[in-house]
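Chemist: So I've got this file, work_33.cif, and it contains mmCIF, C-alpha atoms:
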```cif
data_query
loop_
_atom_site.group_PDB
_atom_site.id
_atom_site.type_symbol
_atom_site.label_atom_id
_atom_site.label_comp_id
_atom_site.auth_asym_id
_atom_site.auth_seq_id
_atom_site.Cartn_x
_atom_site.Cartn_y
_atom_site.Cartn_z
ATOM 1 C CA MET A 1 -89.124 -16.146 -52.667
ATOM 2 C CA GLU A 2 -86.660 -15.510 -49.858
ATOM 3 C CA ASP A 3 -88.320 -12.163 -49.233
ATOM 4 C CA ASN A 4 -91.693 -13.927 -48.896
ATOM 5 C CA ILE A 5 -90.316 -16.410 -46.302
ATOM 6 C CA ALA A 6 -88.697 -13.606 -44.343
ATOM 7 C CA GLY A 7 -92.015 -11.749 -44.371
ATOM 8 C CA GLU A 8 -93.885 -14.823 -43.024
ATOM 9 C CA GLU A 9 -91.324 -15.278 -40.229
ATOM 10 C CA ALA A 10 -91.696 -11.645 -39.269
ATOM 11 C CA ALA A 11 -95.494 -12.002 -39.165
ATOM 12 C CA ALA A 12 -95.189 -15.102 -36.961
ATOM 13 C CA CYS A 13 -93.054 -13.171 -34.499
ATOM 14 C CA THR A 14 -95.485 -10.276 -34.287
ATOM 15 C CA PRO A 15 -97.408 -10.550 -31.002
ATOM 16 C CA LEU A 16 -101.085 -11.286 -31.465
ATOM 17 C CA ALA A 17 -101.861 -9.422 -28.275
ATOM 18 C CA ALA A 18 -101.499 -6.185 -30.163
ATOM 19 C CA ASN A 19 -104.970 -6.926 -31.584
ATOM 20 C CA HIS A 20 -106.471 -7.790 -28.195
ATOM 21 C CA ASP A 21 -106.774 -5.900 -24.927
ATOM 22 C CA ALA A 22 -104.643 -7.125 -22.044
ATOM 23 C CA THR A 23 -106.643 -8.319 -19.052
ATOM 24 C CA SER A 24 -106.185 -8.578 -15.317
ATOM 25 C CA ARG A 25 -108.025 -10.855 -12.902
ATOM 26 C CA CYS A 26 -110.332 -9.200 -10.387
ATOM 27 C CA ARG A 27 -109.676 -10.620 -6.916
ATOM 28 C CA ASN A 28 -113.254 -10.020 -5.819
ATOM 29 C CA CYS A 29 -115.277 -11.677 -8.602
ATOM 30 C CA ASP A 30 -112.431 -13.761 -10.092
ATOM 31 C CA ARG A 31 -113.121 -12.557 -13.655
ATOM 32 C CA ASP A 32 -110.714 -11.396 -16.322
ATOM 33 C CA VAL A 33 -111.316 -7.712 -16.935
ATOM 34 C CA PRO A 34 -109.771 -5.579 -19.724
ATOM 35 C CA ASP A 35 -107.010 -3.401 -18.294
ATOM 36 C CA ARG A 36 -108.523 -0.283 -19.859
ATOM 37 C CA SER A 37 -111.633 -0.628 -17.650
ATOM 38 C CA PHE A 38 -110.095 -2.395 -14.638
ATOM 39 C CA GLU A 39 -110.229 0.559 -12.217
ATOM 40 C CA MET A 40 -113.904 1.215 -12.967
ATOM 41 C CA HIS A 41 -114.646 -2.481 -12.632
ATOM 42 C CA ILE A 42 -112.987 -2.660 -9.200
ATOM 43 C CA LEU A 43 -115.006 0.316 -7.923
ATOM 44 C CA HIS A 44 -118.249 -1.270 -9.110
ATOM 45 C CA CYS A 45 -117.349 -4.802 -8.131
ATOM 46 C CA MET A 46 -116.294 -4.030 -4.559
ATOM 47 C CA ARG A 47 -119.537 -2.132 -3.973
ATOM 48 C CA ARG A 48 -122.016 -4.469 -5.736
ATOM 49 C CA ILE A 49 -120.498 -7.962 -5.713
ATOM 50 C CA TRP A 50 -119.934 -10.027 -2.589
ATOM 51 C CA ARG A 51 -117.773 -13.179 -2.384
ATOM 52 C CA CYS A 52 -118.995 -15.774 0.110
ATOM 53 C CA THR A 53 -116.205 -16.997 2.383
ATOM 54 C CA GLY A 54 -117.989 -20.343 2.804
ATOM 55 C CA CYS A 55 -118.703 -21.539 -0.741
ATOM 56 C CA HIS A 56 -116.536 -18.914 -2.544
ATOM 57 C CA GLY A 57 -119.397 -18.032 -4.907
ATOM 58 C CA THR A 58 -120.008 -14.446 -5.985
ATOM 59 C CA PHE A 59 -123.382 -12.806 -5.421
ATOM 60 C CA ASP A 60 -125.119 -9.466 -5.607
ATOM 61 C CA SER A 61 -124.419 -7.649 -2.332
ATOM 62 C CA ASN A 62 -128.162 -7.065 -1.858
ATOM 63 C CA HIS A 63 -128.700 -10.837 -1.494
ATOM 64 C CA ARG A 64 -125.884 -11.507 0.948
ATOM 65 C CA GLN A 65 -127.989 -12.309 4.014
ATOM 66 C CA GLU A 66 -130.428 -14.436 2.004
ATOM 67 C CA HIS A 67 -127.517 -16.521 0.694
ATOM 68 C CA ILE A 68 -126.005 -16.970 4.153
ATOM 69 C CA ASP A 69 -129.333 -17.841 5.796
ATOM 70 C CA SER A 70 -130.797 -20.232 3.248
ATOM 71 C CA GLU A 71 -128.598 -21.036 0.262
ATOM 72 C CA CYS A 72 -124.920 -21.426 1.094
ATOM 73 C CA PRO A 73 -124.050 -25.148 1.330
ATOM 74 C CA LYS A 74 -121.275 -24.272 3.804
ATOM 75 C CA GLY A 75 -123.596 -22.198 6.005
ATOM 76 C CA THR A 76 -124.290 -23.329 9.545
ATOM 77 C CA VAL A 77 -127.767 -24.632 10.374
ATOM 78 C CA ALA A 78 -129.259 -25.990 13.566
ATOM 79 C CA CYS A 79 -130.867 -29.410 13.488
ATOM 80 C CA GLU A 80 -134.035 -30.026 15.509
ATOM 81 C CA CYS A 81 -131.882 -32.061 17.909
ATOM 82 C CA GLY A 82 -129.910 -28.894 18.713
ATOM 83 C CA GLU A 83 -126.696 -29.817 16.897
ATOM 84 C CA ALA A 84 -125.189 -27.075 14.719
ATOM 85 C CA LEU A 85 -123.709 -28.325 11.467
ATOM 86 C CA CYS A 86 -122.907 -27.387 7.900
ATOM 87 C CA ARG A 87 -126.009 -27.196 5.668
ATOM 88 C CA GLU A 88 -124.564 -29.715 3.184
ATOM 89 C CA ALA A 89 -123.998 -32.217 6.037
ATOM 90 C CA LEU A 90 -127.625 -32.064 7.243
ATOM 91 C CA PRO A 91 -129.020 -34.878 5.019
ATOM 92 C CA ALA A 92 -126.293 -37.317 6.141
ATOM 93 C CA HIS A 93 -126.832 -36.271 9.765
ATOM 94 C CA MET A 94 -130.566 -36.974 9.472
ATOM 95 C CA ARG A 95 -129.897 -40.398 7.896
ATOM 96 C CA GLU A 96 -127.175 -41.528 10.272
ATOM 97 C CA GLY A 97 -126.683 -39.518 13.426
ATOM 98 C CA CYS A 98 -129.617 -37.392 14.511
ATOM 99 C CA LEU A 99 -131.216 -38.672 17.695
ATOM 100 C CA LEU A 100 -134.558 -37.132 16.707
ATOM 101 C CA ALA A 101 -134.665 -38.784 13.287
ATOM 102 C CA LEU A 102 -136.991 -41.721 12.960
ATOM 103 C CA ALA A 103 -135.746 -45.292 12.752
ATOM 104 C CA ARG A 104 -137.829 -48.403 12.202
ATOM 105 C CA CYS A 105 -138.221 -51.032 14.921
ATOM 106 C CA PRO A 106 -137.205 -54.423 13.490
ATOM 107 C CA PHE A 107 -139.942 -56.192 15.451
ATOM 108 C CA CYS A 108 -143.075 -54.083 14.977
ATOM 109 C CA ALA A 109 -142.063 -51.846 12.020
ATOM 110 C CA LEU A 110 -143.041 -48.752 14.052
ATOM 111 C CA ASP A 111 -141.011 -45.600 13.378
ATOM 112 C CA VAL A 112 -139.442 -44.417 16.649
ATOM 113 C CA CYS A 113 -136.947 -41.581 17.206
ATOM 114 C CA ARG A 114 -133.388 -42.890 17.519
ATOM 115 C CA ALA A 115 -133.039 -41.567 21.070
ATOM 116 C CA GLU A 116 -135.774 -43.986 22.176
ATOM 117 C CA LEU A 117 -135.035 -46.843 19.767
ATOM 118 C CA VAL A 118 -132.838 -48.959 22.085
ATOM 119 C CA THR A 119 -135.422 -48.865 24.876
ATOM 120 C CA HIS A 120 -138.253 -49.577 22.443
ATOM 121 C CA VAL A 121 -136.425 -52.507 20.793
ATOM 122 C CA GLU A 122 -135.628 -54.051 24.203
ATOM 123 C CA TYR A 123 -139.294 -53.839 25.215
ATOM 124 C CA CYS A 124 -140.697 -54.841 21.830
ATOM 125 C CA GLY A 125 -138.254 -57.721 21.384
ATOM 126 C CA ALA A 126 -139.231 -59.155 24.769
ATOM 127 C CA ARG A 127 -142.802 -59.763 23.573
ATOM 128 C CA THR A 128 -143.560 -63.372 22.716
ATOM 129 C CA GLU A 129 -145.205 -64.891 19.703
ATOM 130 C CA GLN A 130 -145.994 -68.423 18.775
ATOM 131 C CA CYS A 131 -143.515 -70.103 16.448
ATOM 132 C CA ALA A 132 -145.331 -70.837 13.199
ATOM 133 C CA LEU A 133 -143.445 -74.146 12.859
ATOM 134 C CA CYS A 134 -143.573 -75.724 16.338
ATOM 135 C CA SER A 135 -146.219 -73.581 18.137
ATOM 136 C CA ARG A 136 -143.829 -72.851 21.024
ATOM 137 C CA ARG A 137 -143.953 -69.282 22.493
ATOM 138 C CA VAL A 138 -140.691 -67.497 21.767
ATOM 139 C CA MET A 139 -139.492 -63.907 22.405
ATOM 140 C CA LEU A 140 -139.417 -61.897 19.184
ATOM 141 C CA ARG A 141 -135.722 -61.083 19.595
ATOM 142 C CA ASP A 142 -134.959 -64.840 19.738
ATOM 143 C CA LEU A 143 -137.356 -66.020 17.037
ATOM 144 C CA ASP A 144 -134.853 -66.103 14.143
ATOM 145 C CA GLN A 145 -132.305 -68.008 16.223
ATOM 146 C CA HIS A 146 -135.036 -70.358 17.491
ATOM 147 C CA VAL A 147 -136.123 -71.234 13.943
ATOM 148 C CA ARG A 148 -132.522 -71.727 12.773
ATOM 149 C CA LEU A 149 -131.176 -73.713 15.728
ATOM 150 C CA ALA A 150 -133.741 -74.991 18.181
ATOM 151 C CA CYS A 151 -137.114 -75.384 16.499
ATOM 152 C CA ALA A 152 -138.357 -78.964 16.998
ATOM 153 C CA ALA A 153 -140.323 -78.809 13.747
ATOM 154 C CA ARG A 154 -137.039 -78.255 11.884
ATOM 155 C CA GLY A 155 -135.191 -81.007 13.743
ATOM 156 C CA GLY A 156 -133.036 -78.577 15.691
ATOM 157 C CA VAL A 157 -131.426 -78.871 19.132
ATOM 158 C CA ALA A 158 -134.804 -78.909 20.883
ATOM 159 C CA ALA A 159 -135.856 -81.964 18.907
ATOM 160 C CA ALA A 160 -132.608 -83.743 19.796
ATOM 161 C CA VAL A 161 -132.979 -82.932 23.521
ATOM 162 C CA SER A 162 -136.601 -84.020 23.370
ATOM 163 C CA ARG A 163 -135.614 -87.387 21.841
ATOM 164 C CA GLU A 164 -132.874 -87.933 24.468
ATOM 165 C CA ASN A 165 -135.414 -87.428 27.258
ATOM 166 C CA GLY A 166 -137.746 -90.022 25.721
ATOM 167 C CA ALA A 167 -140.415 -87.532 24.738
ATOM 168 C CA ASP A 168 -140.834 -89.142 21.302
#
```
Could I get this structure in the form of structure tokens?
Modeler:
Amino acid sequence: MEDNIAGEEAAACTPLAANHDATSRCRNCDRDVPDRSFEMHILHCMRRIWRCTGCHGTFDSNHRQEHIDSECPKGTVACECGEALCREALPAHMREGCLLALARCPFCALDVCRAELVTHVEYCGARTEQCALCSRRVMLRDLDQHVRLACAARGGVAAAVSRENGAD
């Protein structure tokens, strides 16, 4: 029985790697390659595989320019506004910062490019419409405040001033 235990301990100490090939990591494609074929792999890999410095992906060397021009999320693209930015940042730029992107006017619901939005809103907000509650003509930019604070039909400040002046 002691001989059997000693035999099991010896088997446990025997390296399992003897049954498997040792590997090394290729610095180009970042794969584990068996040591017995590592030199051949390096020759092939350096000629056929390209590692992108932007996204760190590995690609066939024949598709390098295609990846850089249209696929790499870290690649530089030019927005219509002329700003150069990272491809993956383009959607956020279009939503938040691009002066040529469209934004909706709060008064007329017209889509206007952001570069012209301030001027458009100033002009559009200066138009007047009749208050649906008191029929007074009010500038669009002041209409919400008018209804909340000064609309006579709602008993606001205008109604109080009107009563003080004896208009009732």
Chemist: If we count all atoms listed in the file and set the cut-off at 8 Å, which residues sit around Cys55 of chain A, ignoring sequence neighbours fewer than 4 positions away in its own chain? Please answer as a ChimeraX atom specification.
Modeler: /A:72-74
Chemist: Only C-alpha atoms, please: the residues just picked out, written as a PDB file, in the coordinates of the input.
Modeler:
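The resulting part-v8.pdb:
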```pdb
ATOM      1  CA  CYS A  72    -124.920 -21.426   1.094  1.00  0.00           C
ATOM      2  CA  PRO A  73    -124.050 -25.148   1.330  1.00  0.00           C
ATOM      3  CA  LYS A  74    -121.275 -24.272   3.804  1.00  0.00           C
TER       4      LYS A  74
END
```
Chemist: Fewer than 5 positions away in the same chain doesn't count, so skip those; otherwise give me all residues within 10 Å of segment 60-64 of chain A, counting only C-alpha atoms, as a ChimeraX atom specification.
Modeler: /A:45-52,69,71-72
Chemist: Have a look at A:Arg154, A:Arg127, A:Arg141, A:Arg114 and name the one nearest to Gly97 of chain A; count all atoms listed in the file.
Modeler: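 Closest candidate: A:Arg114.
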Chemist: Which residues would end up in the selection if the PyMOL selection byres ((chain A and resi 40-42) around 12) were applied here, given that I need the answer as a ChimeraX atom specification?
Modeler: /A:23-39,43-49
Chemist: Can you list what the PyMOL selection byres ((chain A and resi 121-123) around 12) grabs from this structure, as number ranges by chain?
Modeler: A: 103-120, 124-128, 139-142
Chemist: State, in Å with one decimal place, the distance from atom CA of Met94 of chain A to atom CA of His67 of chain A.
Modeler: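 Taking atom CA of Met94 of chain A and atom CA of His67 of chain A, their separation equals 22.5 Å.
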Chemist: Have a look at atom CA of Leu99 of chain A and atom CA of Gly54 of chain A and let me know their distance in Å, one decimal.
Modeler: 27.1 Å
Chemist: Could you tell me which of A:Ala153, A:Val147, A:Ala78, A:Leu90 comes closest to Cys134 of chain A if we count only C-alpha atoms?
Modeler: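 For Cys134 of chain A, the nearest of the candidates is A:Ala153.
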Chemist: From the options A:Cys79, A:Ala89, A:Val138, A:Ser70, which residue's atoms come nearest to Ala150 of chain A, counting all atoms listed in the file?
Modeler: A:Val138
Chemist: Would you work out the distance separating atom CA of Ala92 of chain A from atom CA of Gly57 of chain A, expressed in Å to one decimal?
Modeler: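 So the answer is 23.3 Å.
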Chemist: With distances taken over only C-alpha atoms, which of A:Val77, A:Leu85, A:Cys98, A:Leu143 is nearest to Gln130 of chain A?
Modeler: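 Of all the options, A:Leu143 lies closest to Gln130 of chain A.
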Chemist: Please write out, as lines of an AutoDock Vina configuration file, where the centre of an axis-aligned box around all listed atoms of segment 36-39 of chain A lies and how long its edges are, in Å to one decimal, after adding 3 Å on each side.
Modeler:
```
center_x = -110.1
center_y = -0.9
center_z = -16.0
size_x = 9.1
size_y = 9.0
size_z = 13.6
```
